[in-house]
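Asks: Please find one structure pasted underneath; my questions will follow.
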Amino acid sequence: MGADVHNTGTGDTAADGEPTGVDHVFLALERELAVFLRRARASSGELAREVHPDLEPSAYGLLLRLADAGAQRATELAGFFGVGKATMSRQLHALEKLGLVAREPDPADGRAVLVRITDEGRARFTRVRNGRRAQYARRLASWDRGEVSELARLLHRLNAEQEGEEG
């Protein structure tokens with residue numbers, strides 16, 4: 001792979017329709033991320049429906065966060081996901097209506113409220129999450145475990161750098 005992948009043309013269009021001067025490494029990254037994100041969005045919808053038929057796809061991520069991080073204030077969740085308080089309030093209300101989350105007083109500050117995943121929510125979420133992990137294992141069965149570990153490491157690095165830019 002030692003070839004120079006940086007096309008530094010004059011701004012003309014190449015035979016493949018891409019403008020010259022395009023860094024083909026980043027072009028390939030853009031294409032693969034677009035496919036990955038499209039599939040992830042579709043998968044989130046499927047996973048959400050498996051947790052509960054009326055669960056919105058975006059709410060699956062909320063359950064994931066609450067399952068992993070524990071009870072949190074709605075403002076903390078809104079900040080984590082980069083959404084407004086009204087959007088978070090609407091999503092939490094929908095989850096609460098489905099019996100997947102509950103609100104409780106914050107023991108550290110009686111004026112504040114924490115949102116936690118309910119036992120029912122945790123059971124449903126865990127069942128779906130375990131199924132998803134098994135699916136990853138099947139799909140990546142031909143990969144060396146070191147490759148899977150490296151992919152996880154690189155995605156973590158990408159996510160951490162994204163969070164640094166947004167914060």
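We label chains A, B, ... in the order they appear in the structure tokens, count residues from 1 in each chain, and number ligands from 1 in the order shown.
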Report the residues of stretch 1-163 of chain A whose backbone DSSP state falls under alpha helix (DSSP H), written as number ranges by chain.
Replies: A: 24-51, 57-69, 74-81, 85-97, 119-139, 145-163
Asks: Name the residues of chain A that fall into strand (DSSP E or B) according to DSSP on the backbone, using the chain letters and numbers of this document, as number ranges by chain.
Replies: A: 6, 13, 19, 23, 72, 101-106, 109-117
Asks: I need the residues from that last selection saved to file as a tab-separated table (two decimals), in the first residue's frame (with N, CA and C atoms), if you can.
Replies:
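Generated output (out34.tsv):
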```tsv
chain	number	residue	atom	x	y	z
A	6	HIS	N	-2.49	10.53	-2.42
A	6	HIS	CA	-2.87	11.94	-2.47
A	6	HIS	C	-2.79	12.42	-3.91
A	13	THR	N	-11.37	17.17	-13.36
A	13	THR	CA	-12.07	15.96	-12.97
A	13	THR	C	-11.35	14.76	-13.56
A	19	PRO	N	-13.06	14.83	-8.45
A	19	PRO	CA	-12.17	15.96	-8.74
A	19	PRO	C	-10.72	15.57	-8.45
A	23	ASP	N	-7.90	13.59	-1.75
A	23	ASP	CA	-7.13	12.61	-0.99
A	23	ASP	C	-7.96	11.32	-0.96
A	72	GLN	N	-29.01	9.12	35.76
A	72	GLN	CA	-28.47	10.43	35.45
A	72	GLN	C	-29.59	11.45	35.38
A	101	VAL	N	-37.98	3.29	31.71
A	101	VAL	CA	-37.22	4.15	32.62
A	101	VAL	C	-38.16	4.70	33.68
A	102	ALA	N	-37.56	5.15	34.78
A	102	ALA	CA	-38.33	5.77	35.86
A	102	ALA	C	-37.54	6.96	36.38
A	103	ARG	N	-38.25	7.91	36.93
A	103	ARG	CA	-37.62	9.09	37.53
A	103	ARG	C	-37.68	8.92	39.05
A	104	GLU	N	-36.61	9.39	39.70
A	104	GLU	CA	-36.56	9.31	41.16
A	104	GLU	C	-35.78	10.51	41.69
A	105	PRO	N	-36.04	10.91	42.92
A	105	PRO	CA	-35.30	12.04	43.48
A	105	PRO	C	-33.80	11.73	43.55
A	106	ASP	N	-32.99	12.75	43.29
A	106	ASP	CA	-31.54	12.63	43.40
A	106	ASP	C	-31.18	12.67	44.87
A	109	ASP	N	-29.24	15.72	45.85
A	109	ASP	CA	-29.89	17.02	45.71
A	109	ASP	C	-31.39	16.78	45.57
A	110	GLY	N	-32.11	16.93	46.64
A	110	GLY	CA	-33.54	16.64	46.68
A	110	GLY	C	-34.37	17.40	45.66
A	111	ARG	N	-33.83	18.50	45.14
A	111	ARG	CA	-34.57	19.28	44.13
A	111	ARG	C	-34.45	18.66	42.74
A	112	ALA	N	-33.42	17.86	42.53
A	112	ALA	CA	-33.15	17.29	41.21
A	112	ALA	C	-33.76	15.89	41.09
A	113	VAL	N	-33.92	15.47	39.84
A	113	VAL	CA	-34.49	14.15	39.54
A	113	VAL	C	-33.49	13.37	38.70
A	114	LEU	N	-33.35	12.10	39.02
A	114	LEU	CA	-32.52	11.19	38.24
A	114	LEU	C	-33.42	10.29	37.41
A	115	VAL	N	-32.92	9.92	36.24
A	115	VAL	CA	-33.61	8.96	35.38
A	115	VAL	C	-32.81	7.67	35.44
A	116	ARG	N	-33.51	6.57	35.66
A	116	ARG	CA	-32.84	5.27	35.72
A	116	ARG	C	-33.60	4.27	34.86
A	117	ILE	N	-32.89	3.28	34.40
A	117	ILE	CA	-33.53	2.21	33.65
A	117	ILE	C	-34.26	1.30	34.65
```
Asks: I'd like the neighbourhood of stretch 27-44 of chain A as a list in words, where a residue qualifies if any of its atoms comes within 10 Å (using only C-alpha atoms), though same-chain residues fewer than 5 positions away should be ignored.
Replies: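 Close residues of stretch 27-44 of chain A: Glu18, Val22, Arg49, Glu50, Glu56, Pro57, Ser58, Ala59, Tyr60, Gly61 and Arg132 of chain A.
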Asks: I need the chosen residues saved as a PDB file, in the first residue's frame, with N, CA and C atoms.
Replies:
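out_2.pdb, freshly written:
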```pdb
ATOM      1  N   GLU A  18     -14.225  11.845  -9.985  1.00  0.00           N
ATOM      2  CA  GLU A  18     -13.812  12.560  -8.774  1.00  0.00           C
ATOM      3  C   GLU A  18     -12.920  13.722  -9.161  1.00  0.00           C
ATOM      4  N   VAL A  22      -8.186  15.235  -4.810  1.00  0.00           N
ATOM      5  CA  VAL A  22      -8.880  14.576  -3.711  1.00  0.00           C
ATOM      6  C   VAL A  22      -7.937  13.578  -3.055  1.00  0.00           C
ATOM      7  N   ARG A  49     -37.130  -1.790  18.115  1.00  0.00           N
ATOM      8  CA  ARG A  49     -38.382  -2.553  18.021  1.00  0.00           C
ATOM      9  C   ARG A  49     -38.295  -3.871  18.780  1.00  0.00           C
ATOM     10  N   GLU A  50     -37.093  -4.457  18.854  1.00  0.00           N
ATOM     11  CA  GLU A  50     -36.935  -5.690  19.624  1.00  0.00           C
ATOM     12  C   GLU A  50     -37.086  -5.433  21.120  1.00  0.00           C
ATOM     13  N   GLU A  56     -38.798   4.324  19.877  1.00  0.00           N
ATOM     14  CA  GLU A  56     -38.154   5.054  18.784  1.00  0.00           C
ATOM     15  C   GLU A  56     -36.703   4.609  18.666  1.00  0.00           C
ATOM     16  N   PRO A  57     -36.165   4.571  17.438  1.00  0.00           N
ATOM     17  CA  PRO A  57     -34.771   4.144  17.254  1.00  0.00           C
ATOM     18  C   PRO A  57     -33.770   4.953  18.094  1.00  0.00           C
ATOM     19  N   SER A  58     -33.963   6.248  18.202  1.00  0.00           N
ATOM     20  CA  SER A  58     -33.014   7.072  18.961  1.00  0.00           C
ATOM     21  C   SER A  58     -33.033   6.749  20.451  1.00  0.00           C
ATOM     22  N   ALA A  59     -34.120   6.196  20.939  1.00  0.00           N
ATOM     23  CA  ALA A  59     -34.235   5.889  22.359  1.00  0.00           C
ATOM     24  C   ALA A  59     -33.391   4.680  22.764  1.00  0.00           C
ATOM     25  N   TYR A  60     -33.012   3.831  21.815  1.00  0.00           N
ATOM     26  CA  TYR A  60     -32.155   2.697  22.139  1.00  0.00           C
ATOM     27  C   TYR A  60     -30.841   3.192  22.739  1.00  0.00           C
ATOM     28  N   GLY A  61     -30.297   4.256  22.169  1.00  0.00           N
ATOM     29  CA  GLY A  61     -29.061   4.831  22.691  1.00  0.00           C
ATOM     30  C   GLY A  61     -29.214   5.350  24.110  1.00  0.00           C
ATOM     31  N   ARG A 132     -27.315  -8.803  19.949  1.00  0.00           N
ATOM     32  CA  ARG A 132     -26.494  -7.988  19.041  1.00  0.00           C
ATOM     33  C   ARG A 132     -25.030  -8.414  19.121  1.00  0.00           C
TER      34      ARG A 132
END
```
Asks: Just how far from atom CA of A:Ser142 is atom CA of A:Glu46, in Å to one decimal?
Replies: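 Here the two named atoms are 24.6 Å from each other.
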Asks: So how many Å separate atom CA of A:Ser149 and atom CA of A:Val25, to one decimal?
Replies: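 Atom CA of A:Ser149 sits 22.1 Å away from atom CA of A:Val25.
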Asks: Which is closest to A:Leu55 among A:Lys97, A:His24, A:Arg153, A:Arg127, if we use only C-alpha atoms?
Replies: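 Of A:Lys97, A:His24, A:Arg153, A:Arg127, the one nearest A:Leu55, counting only C-alpha atoms, is A:Lys97.
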